[in-house]
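Below is upload12.csv, holding CSV, C-alpha atoms.
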```csv
chain,number,residue,atom,x,y,z
A,1,MET,CA,-49.4,39.9,35.5
A,2,LYS,CA,-51.4,36.7,35.7
A,3,TYR,CA,-54.7,36.4,33.9
A,4,MET,CA,-57.8,35.3,35.8
A,5,ASN,CA,-60.9,33.9,34.0
A,6,PRO,CA,-63.8,36.4,34.6
A,7,ILE,CA,-66.0,33.7,36.0
A,8,LEU,CA,-63.4,32.6,38.5
A,9,ALA,CA,-62.7,36.2,39.4
A,10,THR,CA,-66.4,36.7,40.1
A,11,VAL,CA,-66.6,33.6,42.2
A,12,ALA,CA,-63.5,34.7,44.2
A,13,LEU,CA,-65.1,38.1,44.8
A,14,VAL,CA,-68.3,36.6,46.0
A,15,VAL,CA,-66.4,34.3,48.3
A,16,GLY,CA,-64.3,37.1,49.6
A,17,VAL,CA,-67.3,39.4,50.4
A,18,THR,CA,-69.1,36.4,52.1
A,19,ALA,CA,-66.0,35.9,54.2
A,20,VAL,CA,-66.0,39.5,55.3
A,21,PHE,CA,-69.5,39.2,56.6
A,22,LEU,CA,-68.7,35.8,58.3
A,23,SER,CA,-65.6,37.3,60.0
A,24,GLY,CA,-67.6,39.8,62.0
A,25,ILE,CA,-67.2,39.8,65.8
A,26,SER,CA,-69.6,40.8,68.5
A,27,PRO,CA,-69.6,44.6,69.2
A,28,SER,CA,-69.4,43.9,72.9
A,29,SER,CA,-66.2,41.8,72.7
A,30,SER,CA,-62.7,43.0,73.1
A,31,PRO,CA,-61.4,44.9,70.0
A,32,VAL,CA,-58.5,42.4,69.7
A,33,PRO,CA,-58.2,38.7,70.5
A,34,GLN,CA,-55.8,37.6,73.3
A,35,GLN,CA,-54.1,34.5,71.9
A,36,HIS,CA,-50.3,34.5,71.5
A,37,SER,CA,-49.6,32.6,68.3
A,38,ARG,CA,-49.4,34.9,65.3
A,39,HIS,CA,-51.8,32.8,63.2
A,40,ALA,CA,-54.2,32.2,66.2
A,41,LEU,CA,-54.4,36.0,66.6
A,42,LEU,CA,-56.9,36.1,63.7
A,43,ASN,CA,-59.1,33.2,64.6
A,44,PRO,CA,-61.7,32.6,63.6
A,45,ASN,CA,-60.4,33.1,60.0
A,46,PRO,CA,-63.0,31.9,57.4
A,47,PHE,CA,-61.4,31.1,54.0
A,48,SER,CA,-58.0,32.3,55.6
A,49,LEU,CA,-59.0,35.8,54.5
A,50,ARG,CA,-57.6,37.6,57.5
A,51,GLY,CA,-53.9,38.6,57.1
A,52,SER,CA,-53.9,37.6,53.4
A,53,ALA,CA,-53.4,39.7,50.3
A,54,PHE,CA,-57.2,39.5,49.7
A,55,GLY,CA,-57.7,40.6,53.3
A,56,SER,CA,-55.5,43.6,52.7
A,57,LEU,CA,-57.5,44.5,49.6
A,58,PHE,CA,-60.9,44.2,51.3
A,59,SER,CA,-59.5,46.3,54.2
A,60,ARG,CA,-58.5,49.1,51.9
A,61,LEU,CA,-61.8,48.9,50.1
A,62,ALA,CA,-63.6,49.4,53.4
A,63,GLU,CA,-61.8,52.7,54.1
A,64,ASP,CA,-64.3,54.8,52.1
A,65,ASP,CA,-67.3,53.3,53.9
A,66,ILE,CA,-65.7,53.8,57.3
A,67,ASP,CA,-64.8,57.4,56.4
A,68,ARG,CA,-68.4,58.0,55.4
A,69,VAL,CA,-70.0,56.5,58.5
A,70,TRP,CA,-67.5,58.3,60.7
A,71,HIS,CA,-67.8,61.8,59.3
A,72,VAL,CA,-71.4,61.7,58.2
A,73,GLY,CA,-72.7,59.6,61.1
A,74,LEU,CA,-70.7,61.0,64.0
A,75,GLU,CA,-69.6,64.4,62.8
A,76,GLY,CA,-72.5,65.3,60.6
A,77,GLU,CA,-70.5,66.1,57.5
A,78,ILE,CA,-68.2,64.4,55.0
A,79,HIS,CA,-64.7,65.8,54.2
A,80,SER,CA,-63.8,66.7,50.7
A,81,ILE,CA,-63.0,63.5,48.8
A,82,GLY,CA,-61.4,64.9,45.6
A,83,VAL,CA,-62.1,67.2,42.7
A,84,GLY,CA,-64.2,66.9,39.6
A,85,TRP,CA,-67.8,66.1,39.0
A,86,LEU,CA,-67.5,62.5,40.2
A,87,ALA,CA,-66.0,63.5,43.5
A,88,ARG,CA,-68.8,66.1,43.9
A,89,ALA,CA,-71.4,63.5,43.1
A,90,ARG,CA,-70.0,61.1,45.7
A,91,GLU,CA,-69.9,63.9,48.2
A,92,GLU,CA,-73.5,64.9,47.5
A,93,LYS,CA,-74.6,61.3,47.8
A,94,SER,CA,-73.1,61.1,51.3
A,95,ARG,CA,-74.4,64.4,52.6
A,96,ARG,CA,-76.8,64.3,55.5
A,97,ASN,CA,-80.1,66.0,54.7
A,98,ASN,CA,-81.3,65.9,58.3
A,99,PRO,CA,-80.1,69.1,60.1
A,100,THR,CA,-80.5,67.4,63.5
A,101,PRO,CA,-77.4,65.6,64.7
A,102,PRO,CA,-77.8,62.0,65.8
A,103,GLY,CA,-78.2,61.4,69.5
A,104,GLY,CA,-79.3,58.9,72.1
A,105,ALA,CA,-79.9,55.4,70.8
A,106,HIS,CA,-79.2,56.5,67.2
A,107,LEU,CA,-75.7,57.7,68.2
A,108,ILE,CA,-75.0,54.5,70.2
A,109,ALA,CA,-76.0,52.4,67.1
A,110,ILE,CA,-73.7,54.4,64.8
A,111,ARG,CA,-70.8,54.0,67.2
A,112,ARG,CA,-71.5,50.2,67.5
A,113,ASP,CA,-71.6,49.8,63.7
A,114,LEU,CA,-68.5,51.9,63.2
A,115,ARG,CA,-66.6,50.0,65.9
A,116,LYS,CA,-67.5,46.7,64.2
A,117,MET,CA,-66.4,48.0,60.8
A,118,LEU,CA,-63.1,49.2,62.1
A,119,VAL,CA,-62.4,46.0,64.0
A,120,ASN,CA,-63.2,43.9,61.0
A,121,ALA,CA,-61.1,46.0,58.6
A,122,PHE,CA,-58.2,45.9,61.1
A,123,LEU,CA,-58.4,42.1,61.5
A,124,LEU,CA,-58.4,41.7,57.7
A,125,ASP,CA,-55.1,43.6,57.6
A,126,PRO,CA,-53.4,44.2,61.0
A,127,GLY,CA,-50.5,45.9,59.3
A,128,SER,CA,-52.7,48.7,57.8
A,129,TYR,CA,-51.5,52.0,59.0
A,130,THR,CA,-54.7,53.9,58.1
A,131,ILE,CA,-57.1,51.4,59.8
A,132,TYR,CA,-54.9,51.0,62.9
A,133,GLU,CA,-54.7,54.7,63.5
A,134,ALA,CA,-58.4,55.1,62.9
A,135,LEU,CA,-59.3,52.3,65.3
A,136,TYR,CA,-56.9,53.7,67.9
A,137,LEU,CA,-58.4,57.2,67.6
A,138,PHE,CA,-61.9,55.7,67.9
A,139,LEU,CA,-61.1,53.7,71.0
A,140,THR,CA,-59.5,56.6,72.8
A,141,SER,CA,-61.9,59.4,71.9
A,142,MET,CA,-65.1,58.3,70.0
A,143,ASP,CA,-66.2,55.0,71.5
A,144,GLY,CA,-68.4,56.5,74.3
A,145,ILE,CA,-66.6,54.6,77.1
A,146,ASP,CA,-64.6,55.9,80.0
A,147,GLN,CA,-61.1,57.1,79.4
A,148,GLU,CA,-59.3,54.4,81.4
A,149,LYS,CA,-61.2,51.5,79.6
A,150,GLY,CA,-60.7,53.2,76.2
A,151,GLN,CA,-57.0,53.6,76.7
A,152,GLN,CA,-56.7,50.0,77.9
A,153,ARG,CA,-58.3,48.7,74.7
A,154,ALA,CA,-56.2,51.0,72.6
A,155,ASP,CA,-53.0,49.7,74.3
A,156,GLU,CA,-54.2,46.1,73.6
A,157,LEU,CA,-54.7,47.1,70.0
A,158,SER,CA,-51.1,48.5,69.7
A,159,LYS,CA,-49.6,45.3,71.3
A,160,PHE,CA,-51.6,43.2,69.0
A,161,ALA,CA,-50.3,45.1,66.0
A,162,LEU,CA,-46.7,44.9,67.2
A,163,HIS,CA,-47.0,41.1,67.8
A,164,TRP,CA,-48.5,40.5,64.3
A,165,ILE,CA,-46.0,42.6,62.4
A,166,SER,CA,-43.0,41.2,64.3
A,167,SER,CA,-42.9,38.3,61.8
A,168,GLU,CA,-43.2,40.4,58.6
A,169,ASN,CA,-40.1,39.9,56.5
A,170,GLU,CA,-41.2,41.2,53.0
A,171,ASP,CA,-43.6,44.1,53.1
A,172,PRO,CA,-42.0,47.2,54.5
A,173,GLU,CA,-45.2,49.2,55.0
A,174,PRO,CA,-46.5,47.4,58.2
A,175,TRP,CA,-43.3,48.4,60.0
A,176,LEU,CA,-44.6,52.0,59.8
A,177,THR,CA,-47.7,50.8,61.6
A,178,ALA,CA,-45.5,49.0,64.2
A,179,SER,CA,-43.5,52.2,64.7
A,180,ALA,CA,-46.8,54.2,65.2
A,181,ALA,CA,-48.0,51.5,67.7
A,182,SER,CA,-44.8,51.9,69.7
A,183,ILE,CA,-45.2,55.7,69.7
A,184,ASN,CA,-48.8,55.4,70.9
A,185,LEU,CA,-47.7,53.0,73.7
A,186,HIS,CA,-45.0,55.5,74.6
A,187,LEU,CA,-47.6,58.3,74.7
A,188,SER,CA,-50.0,56.1,76.7
A,189,THR,CA,-47.4,55.2,79.4
A,190,SER,CA,-46.0,58.7,79.6
A,191,GLN,CA,-49.5,60.1,80.3
A,192,SER,CA,-50.6,57.2,82.5
A,193,GLY,CA,-50.3,59.2,85.7
A,194,SER,CA,-53.1,61.5,84.5
A,195,ILE,CA,-55.5,58.7,84.1
A,196,PRO,CA,-57.4,57.6,87.2
A,197,HIS,CA,-56.3,54.2,88.7
A,198,ARG,CA,-53.2,54.0,86.4
A,199,ALA,CA,-49.8,54.1,87.9
A,200,PRO,CA,-47.2,56.3,86.2
A,201,ALA,CA,-44.8,54.4,83.9
A,202,SER,CA,-41.1,54.2,84.7
A,203,PRO,CA,-38.7,56.3,82.5
A,204,ALA,CA,-36.9,53.1,81.4
A,205,HIS,CA,-40.2,51.7,80.0
A,206,GLU,CA,-40.9,54.9,78.1
A,207,GLU,CA,-37.4,54.9,76.6
A,208,THR,CA,-37.9,51.3,75.5
A,209,GLN,CA,-40.9,52.2,73.4
A,210,ILE,CA,-39.1,55.0,71.6
A,211,LEU,CA,-36.1,52.7,70.9
A,212,ASN,CA,-38.5,50.1,69.6
A,213,ALA,CA,-40.2,52.8,67.4
A,214,ALA,CA,-36.8,53.7,65.9
A,215,ALA,CA,-36.0,50.0,65.4
A,216,CYS,CA,-39.2,49.6,63.5
A,217,LEU,CA,-38.3,52.5,61.2
A,218,ASN,CA,-34.9,50.9,60.6
A,219,ARG,CA,-36.6,47.7,59.6
A,220,PHE,CA,-38.9,49.6,57.3
A,221,ASP,CA,-35.9,51.2,55.6
A,222,ALA,CA,-34.1,47.9,55.1
A,223,LEU,CA,-37.2,46.2,53.5
A,224,TRP,CA,-38.0,49.3,51.5
A,225,VAL,CA,-34.5,49.2,49.9
A,226,GLU,CA,-34.8,45.5,49.3
A,227,SER,CA,-38.3,45.9,47.8
A,228,GLY,CA,-36.9,48.6,45.4
A,229,ALA,CA,-34.0,46.3,44.4
A,230,GLN,CA,-36.4,43.5,43.6
A,231,GLY,CA,-38.7,45.8,41.6
A,232,ARG,CA,-41.7,45.5,43.9
A,233,LEU,CA,-42.0,49.2,44.4
A,234,ASP,CA,-42.5,49.6,40.7
A,235,LEU,CA,-45.9,48.0,41.2
A,236,LEU,CA,-47.0,50.9,43.3
A,237,SER,CA,-48.4,54.1,41.9
A,238,ASP,CA,-46.4,57.4,42.4
A,239,GLU,CA,-49.2,58.6,44.7
A,240,ARG,CA,-49.0,55.5,46.9
A,241,ARG,CA,-45.2,55.6,47.1
A,242,ASN,CA,-45.3,59.3,48.0
A,243,GLU,CA,-47.9,58.6,50.7
A,244,ILE,CA,-45.7,55.9,52.3
A,245,GLU,CA,-42.5,58.0,52.1
A,246,GLU,CA,-44.3,61.0,53.7
A,247,ARG,CA,-45.5,58.8,56.5
A,248,ARG,CA,-42.0,57.5,57.0
A,249,GLU,CA,-40.7,61.1,57.1
A,250,PHE,CA,-43.4,62.1,59.6
A,251,LEU,CA,-42.7,59.2,62.0
A,252,GLY,CA,-39.0,59.8,61.7
A,253,ARG,CA,-39.3,63.4,62.8
A,254,LEU,CA,-41.5,62.4,65.7
A,255,VAL,CA,-39.1,59.7,66.9
A,256,ALA,CA,-36.1,62.0,66.5
A,257,ALA,CA,-37.8,64.7,68.5
A,258,TRP,CA,-38.6,62.2,71.3
A,259,GLN,CA,-35.1,60.9,71.3
A,260,LYS,CA,-33.6,64.4,71.5
A,261,GLN,CA,-35.9,65.3,74.4
A,262,GLU,CA,-35.1,62.0,76.2
A,263,GLU,CA,-31.4,62.9,76.0
A,264,LYS,CA,-32.2,66.3,77.6
A,265,GLY,CA,-34.3,64.5,80.3
A,266,GLY,CA,-37.8,65.7,79.4
A,267,ALA,CA,-40.7,65.0,77.1
A,268,PRO,CA,-41.4,67.3,74.1
A,269,LYS,CA,-44.1,69.8,74.6
```

Here is a file; write its structure as structure tokens.
Amino acid sequence: MKYMNPILATVALVVGVTAVFLSGISPSSSPVPQQHSRHALLNPNPFSLRGSAFGSLFSRLAEDDIDRVWHVGLEGEIHSIGVGWLARAREEKSRRNNPTPPGGAHLIAIRRDLRKMLVNAFLLDPGSYTIYEALYLFLTSMDGIDQEKGQQRADELSKFALHWISSENEDPEPWLTASAASINLHLSTSQSGSIPHRAPASPAHEETQILNAAACLNRFDALWVESGAQGRLDLLSDERRNEIEERREFLGRLVAAWQKQEEKGGAPK
């Protein structure tokens, strides 16, 4: 493990935090850029933070704040965040002491801030499974916009993630995100007939998304074995490895269920 001078480490942290603030985008803009080049996808990219190892770190560090704003701001309570006195202290610190739930302009402001936090965290690490799923859920159910527009933005998000991850050849974890994105696109197209002004998708298009989700899982498996052989998995904690393996198992069961139902000619209930 390389040693970093404490002064240089402090400077790097300050630069990183500054870059996070500089990388913010307008809340009214689309949740994902529309360029086609993998590197252009994250422009503007101050200090090349987005898509980097530091970007991934800052994205993970943002998860607690996002969770707090989401659950305290929108739902009025924070979920349990562990055991012990430190966890209880953090929970008490985040507890709302106003019994009246937010509404009107206050609720709109919370949604705006949460949307910006989620988008920034996603752009810092487009392969993050946790942030991708949180932003997808927000766009489809919490953003306060109509169903058609929310689903359209969520589909753009999924396509963005798939395009970004398609060039990943070392880290296996983003391929779980890619599989989830393909599954979400499958669900979106299979339900498109129930959304006003959206034409139902063809069965062939739905099948393609499930095949792609399975291919992403196969890619994860290959890179996971390769990472294990090279010792990179030893750098992860047992808790982190278990989390990734459980996620792989869940997605595998989901894809297998869809494939089985496709063979029978119907969608799982």

Selected residue, from A:Ser128, A:Lys264, A:Ala121, A:Met142, that lies nearest to Leu107 (chain A) when counting only C-alpha atoms: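 Among A:Ser128, A:Lys264, A:Ala121, A:Met142, it is A:Met142 that comes nearest to Leu107 (chain A).
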
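The space separating CA of Asn169 (chain A) from CA of Gly55 (chain A) comes to 17.9 Å.
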
All residues 12 Å or closer to Ala222 (chain A), all atoms listed in the file, same chain fewer than 3 positions away omitted, as an MDAnalysis selection string: chainID A and resid 169:173 175 215:219 225:229

Nearest to Asp64 (chain A), chosen from A:Ile131, A:Leu235, A:Ile108, A:Phe138, with only C-alpha atoms counted in the distances: A:Ile131

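Each of A:Leu233, A:Leu176, A:Leu49, A:Leu139 was compared to Asp155 (chain A) using only C-alpha atoms, and A:Leu139 turns out to be the nearest.
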
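Using all atoms listed in the file, the nearest neighbour of Trp164 (chain A) within the list A:Gly51, A:Thr130, A:Ala214, A:Pro44 is A:Gly51.
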
For region 244-259 of chain A, please output as a CSV table (one decimal) with C-alpha atoms, keeping the file's coordinate frame all residues within 9 Å (counting all atoms listed in the file; exclusion window: fewer than 4 positions along the same chain).
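The new file part_11.csv reads:
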```csv
chain,number,residue,atom,x,y,z
A,173,GLU,CA,-45.2,49.2,55.0
A,176,LEU,CA,-44.6,52.0,59.8
A,179,SER,CA,-43.5,52.2,64.7
A,180,ALA,CA,-46.8,54.2,65.2
A,183,ILE,CA,-45.2,55.7,69.7
A,207,GLU,CA,-37.4,54.9,76.6
A,210,ILE,CA,-39.1,55.0,71.6
A,211,LEU,CA,-36.1,52.7,70.9
A,213,ALA,CA,-40.2,52.8,67.4
A,214,ALA,CA,-36.8,53.7,65.9
A,217,LEU,CA,-38.3,52.5,61.2
A,220,PHE,CA,-38.9,49.6,57.3
A,221,ASP,CA,-35.9,51.2,55.6
A,239,GLU,CA,-49.2,58.6,44.7
A,240,ARG,CA,-49.0,55.5,46.9
A,263,GLU,CA,-31.4,62.9,76.0
A,264,LYS,CA,-32.2,66.3,77.6
A,266,GLY,CA,-37.8,65.7,79.4
A,267,ALA,CA,-40.7,65.0,77.1
A,268,PRO,CA,-41.4,67.3,74.1
```

Cut-off 8 Å around (-55.8, 52.6, 68.1) with only C-alpha atoms: residues as an NGL selection string: :A and (132-140 or 154-155 or 157-158 or 181)

Pairwise distance for CA of Trp70 (chain A) and CA of Leu118 (chain A), rounded to one decimal in Å: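 Taking CA of Trp70 (chain A) as the start and CA of Leu118 (chain A) as the end point, the length is 10.2 Å.
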
Distance of CA of Arg60 (chain A) from CA of Phe122 (chain A), expressed in Å to one decimal place: 9.7 Å

Nearest residue to Ser190 (chain A) from the set A:Leu236, A:Asn242, A:Glu262, A:Ser166 (distances using all atoms listed in the file):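 That would be A:Glu262, the residue with the smallest distance to Ser190 (chain A).
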